[in-house]
Every structure is written in structure tokens, then in C-alpha cells.
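Undergrad: Just dropping this structure here.
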Amino acid sequence: MPLIHVIIPAYNEEKSIAHVIAAIPAGLVQEVIVVNNNSSDQTAAVASAAGATVLDAPIPGYGNACLTGIAYAAAKPVPTRPDIIVFLDGDFSDFPEEMPYLLQPILAGQADMVIGSRALGQRESGSMMPQQIFGNWLATTLLRWLYGASFTDLGPFRAIRFSTLQQLGMRDRNYGWTVEMQAKAAKQKIRYAEVPVSYRRRIGVSKVSGTVKGSVMAGYKIILTIFKYL
């Protein structure tokens, strides 16, 4: 059985992070890594009490948190280094119990990266803001036009072989992280797949879609990132 690690970027998720960790199927993963991204609440303490490895990424940014988790995994001795990384949000909007669905195409040798698509799955009413739905449509349309990639979502719930992740050479430190991974995967002809995943209203307020500024900044960065890697 391959070694599977989960990386969860977390910013002020003290109310949700224990739920996320508890919902990860027992025995499926070897380590849950919560990257505390400049939280001002008790996220780190709650995550640690729930059994996660907690890393500190004091510079704000989703990509910064993910890169911190990747660096930690890469620094491990080879026998304990993960074969597969699963990325998961810390707000309990994803359904961690659906993780086996994301892993299946990789374990079956059919894909090296799997995106959990909220567009193909069941979404709770109000779980995605209109600007998120439009932004996903626009970004995936541009990925199709410019890269020939058939994605339906930039969903944060995703699984990827660690060797593939290292090959991609991820760089983005904030809003462009998810689309950078997909654009680079398409450009490098990485085998990818999408599986439907469920989505619910998050615990707390979104740091991105919950504000006009966050939505505009994220949208701008996503579009910029798509053109950057052409």
C-alpha cells in the first residue's frame, strides 16, 4: 500500500479543523499535516489535539501553506516519504470521507493527479457563491481553450503522486495555487482525472469568496496564472 499524506492549509479554522481530521477514513493515510497559516485563533492547538502534525507558515497565502507542507514531506527520509499527497481544505466544506474516490484512479494506475470536482458532484445550496461558480467556469474554459485541458473545477480537494507534484515545480504562494497545478499538469502532459465530490457550506466565513476584495483578487490572480504558464 502506498504511503499517503494529507496536507491541510488552515487559517483561523479552530471551529472546523477537528471535524476535518476526524472525517478522514481511519487507516487510509499515514500522516495528516495541518499547516497553520498565520492563524490568530487556536487552530494549531486544536489540530494537534486531534492527532495532526502541525507546521507553521507565518506568511499568509494558500500557496505558502501548501509549499510548507510539501517541503516537510520532501525532507523526510526516503522510506517514510509519501507516495501520494492529498490536499484538503480546513473549513469542513469538503467531505474527507470521499477521499478513496480521489485515490482510486491513482491506485489503479489510470492517473497521476485527480481533481475532486464540485461541478460534477452534489453541492449544498449556498455552498458556493455565484462569483465562485462563474470564476470556475471562466478558468476551466480558458484551460480548455489555451491548454486543451478538460477540467470542470479548480476544486481544492485533490490527490497527486508526490513524484508528479515535485515534477510540476509549484511556485504560486496564494490564490493561483490550484490553477497553476492544473495548467502545469496539462502543459506537461500529466495523466489526470476528475471525480465528483460533494460540497457543503463551510464552517465560518470564506477568506476569499466571502469578501468583494478577496473575490476580485483571487479572480485576477487565477486569470494571470493561466496566461503565465502558456
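Chain labels run A, B, ... following the order of the C-alpha cells; each chain numbers its residues from 1, and ligands are numbered from 1 in the order shown.
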Could you pull out all residues of stretch 110-145 of chain A with a DSSP call of strand (DSSP E) and give them as a list in words?
TA: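 Here is the list: Met113, Val114, Ile115, Gly116 and Ser117 of chain A.
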Undergrad: List the neighbours of A:Ile59 out to 10 Å using only C-alpha atoms; skip same-chain residues closer than 6 positions along the sequence, and give me the result as a PDB file with C-alpha atoms, in the first residue's frame.
TA:
```pdb
ATOM      1  CA  ASN A  36      -1.145  26.767  10.398  1.00  0.00           C
ATOM      2  CA  ASN A  37      -1.123  29.777   8.084  1.00  0.00           C
ATOM      3  CA  ASN A  38      -0.786  32.808  10.372  1.00  0.00           C
ATOM      4  CA  ALA A  65       0.895  26.890   3.299  1.00  0.00           C
ATOM      5  CA  ARG A 173       2.083  31.470  -2.974  1.00  0.00           C
TER       6      ARG A 173
END
```
Undergrad: Find the residue from A:Asp91, A:Glu31, A:Glu180, A:Asp83 that sits nearest to A:Glu13; use only C-alpha atoms when measuring.
TA: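 So, comparing all the options, the nearest one is A:Asp91.
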Undergrad: Pick out the closest residue to A:Thr178 from this set: A:Pro130, A:Pro2, A:Pro100, A:Gly116. Count only C-alpha atoms.
TA: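 For A:Thr178, the nearest of the candidates is A:Gly116.
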Undergrad: Which residues come within 10 Å of A:Ala74, counting only C-alpha atoms, excluding same-chain residues fewer than 6 positions away, as a list in words?
TA: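 That gives Thr68, Thr80, Arg81, Pro82, Phe162, Ser163 and Gln166 of chain A.
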Undergrad: Would you list the contacts of A:Cys66 as number ranges by chain, taking every protein, DNA or RNA residue within 9 Å and counting only C-alpha atoms, but skipping same-chain residues closer than 5 positions in sequence?
TA: A: 7-9, 35, 61, 71, 87, 173, 177
Undergrad: Please list as a ChimeraX atom specification every residue within 9 Å of A:Asp89, counting only C-alpha atoms and excluding residues in the same chain fewer than 4 positions away.
TA: /A:7-10,17,20,93-94,156-157
Undergrad: Can I get the selection written as a PDB file, in the first residue's frame, with C-alpha atoms?
TA:
```
ATOM      1  CA  ILE A   7      -1.887  18.454   3.632  1.00  0.00           C
ATOM      2  CA  ILE A   8      -4.468  20.862   5.070  1.00  0.00           C
ATOM      3  CA  PRO A   9      -3.757  24.613   4.811  1.00  0.00           C
ATOM      4  CA  ALA A  10      -5.556  26.273   7.716  1.00  0.00           C
ATOM      5  CA  ILE A  17     -10.302  21.564  11.806  1.00  0.00           C
ATOM      6  CA  VAL A  20     -12.000  17.622   9.094  1.00  0.00           C
ATOM      7  CA  SER A  93     -16.680  22.233   3.186  1.00  0.00           C
ATOM      8  CA  ASP A  94     -15.158  19.132   1.585  1.00  0.00           C
ATOM      9  CA  PRO A 156      -9.106  22.295  -3.553  1.00  0.00           C
ATOM     10  CA  PHE A 157      -9.800  18.621  -2.729  1.00  0.00           C
TER      11      PHE A 157
END
```
Undergrad: Could you pull the residues within 8 Å of A:Ala44, counting only C-alpha atoms, minus those fewer than 5 positions along the same chain, as a list in words?
TA: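 Counting only the stated atoms, we get Glu14, Val34, Asn36, Ser39 and Val54 of chain A.
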Undergrad: With N, CA, C and O atoms kept, could you save the residues just selected as a CSV table (one decimal), in the first residue's frame?
TA:
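The resulting file, out35.csv, is shown below:
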```csv
chain,number,residue,atom,x,y,z
A,14,GLU,N,-10.2,27.0,13.9
A,14,GLU,CA,-10.3,26.3,15.2
A,14,GLU,C,-11.7,25.6,15.3
A,14,GLU,O,-11.8,24.6,16.0
A,34,VAL,N,-1.3,19.6,9.1
A,34,VAL,CA,-2.1,20.8,9.1
A,34,VAL,C,-1.0,22.0,9.1
A,34,VAL,O,-0.2,22.0,10.0
A,36,ASN,N,-0.5,25.6,9.7
A,36,ASN,CA,-1.1,26.8,10.4
A,36,ASN,C,-0.6,28.0,9.7
A,36,ASN,O,0.5,28.5,9.9
A,39,SER,N,-2.6,31.9,11.7
A,39,SER,CA,-3.9,32.0,12.4
A,39,SER,C,-3.7,32.8,13.7
A,39,SER,O,-2.7,32.8,14.3
A,54,VAL,N,1.4,19.5,13.1
A,54,VAL,CA,1.2,20.9,12.8
A,54,VAL,C,2.5,21.6,12.4
A,54,VAL,O,3.5,21.6,13.2
```
Undergrad: Write out as a ChimeraX atom specification the set of residues from stretch 66-166 of chain A that DSSP, computed on the backbone, places in helix (DSSP H, G or I).
TA: /A:66-74,78-80,96-107,130-147,162-166
Undergrad: Please provide the set of residues having any atom within 10 Å of A:Ile133, restricted to only C-alpha atoms, with same-chain residues fewer than 4 positions apart removed, written as an NGL selection string.
TA: :A and (118-119 or 128-129 or 137-138 or 153)
Undergrad: Taking only C-alpha atoms into account, which of A:Tyr11, A:Tyr199, A:Tyr101, A:Phe151 comes nearest A:Val179?
TA: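 Using only C-alpha atoms, the shortest distance to A:Val179 belongs to A:Phe151.
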Undergrad: Rounded to one decimal, what separation in Å do you get between atom CA of A:Leu103 and atom CA of A:Ile4?
TA: 9.4 Å
Undergrad: Atom CA of A:Gly155 to atom CA of A:Gln30: how many Å, to one decimal?
TA: 23.2 Å
Undergrad: Quote the spacing between atom CA of A:Gly109 and atom CA of A:Gln167 in Å to one decimal place.
TA: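 Separation of atom CA of A:Gly109 and atom CA of A:Gln167: 17.7 Å.
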Undergrad: Point out the residue among A:Ile223, A:Val86, A:Leu28, A:Leu120 with the least atom-to-atom distance to A:Ile160, counting only C-alpha atoms.
TA: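 With only C-alpha atoms as the atom set, the closest residue is A:Val86.
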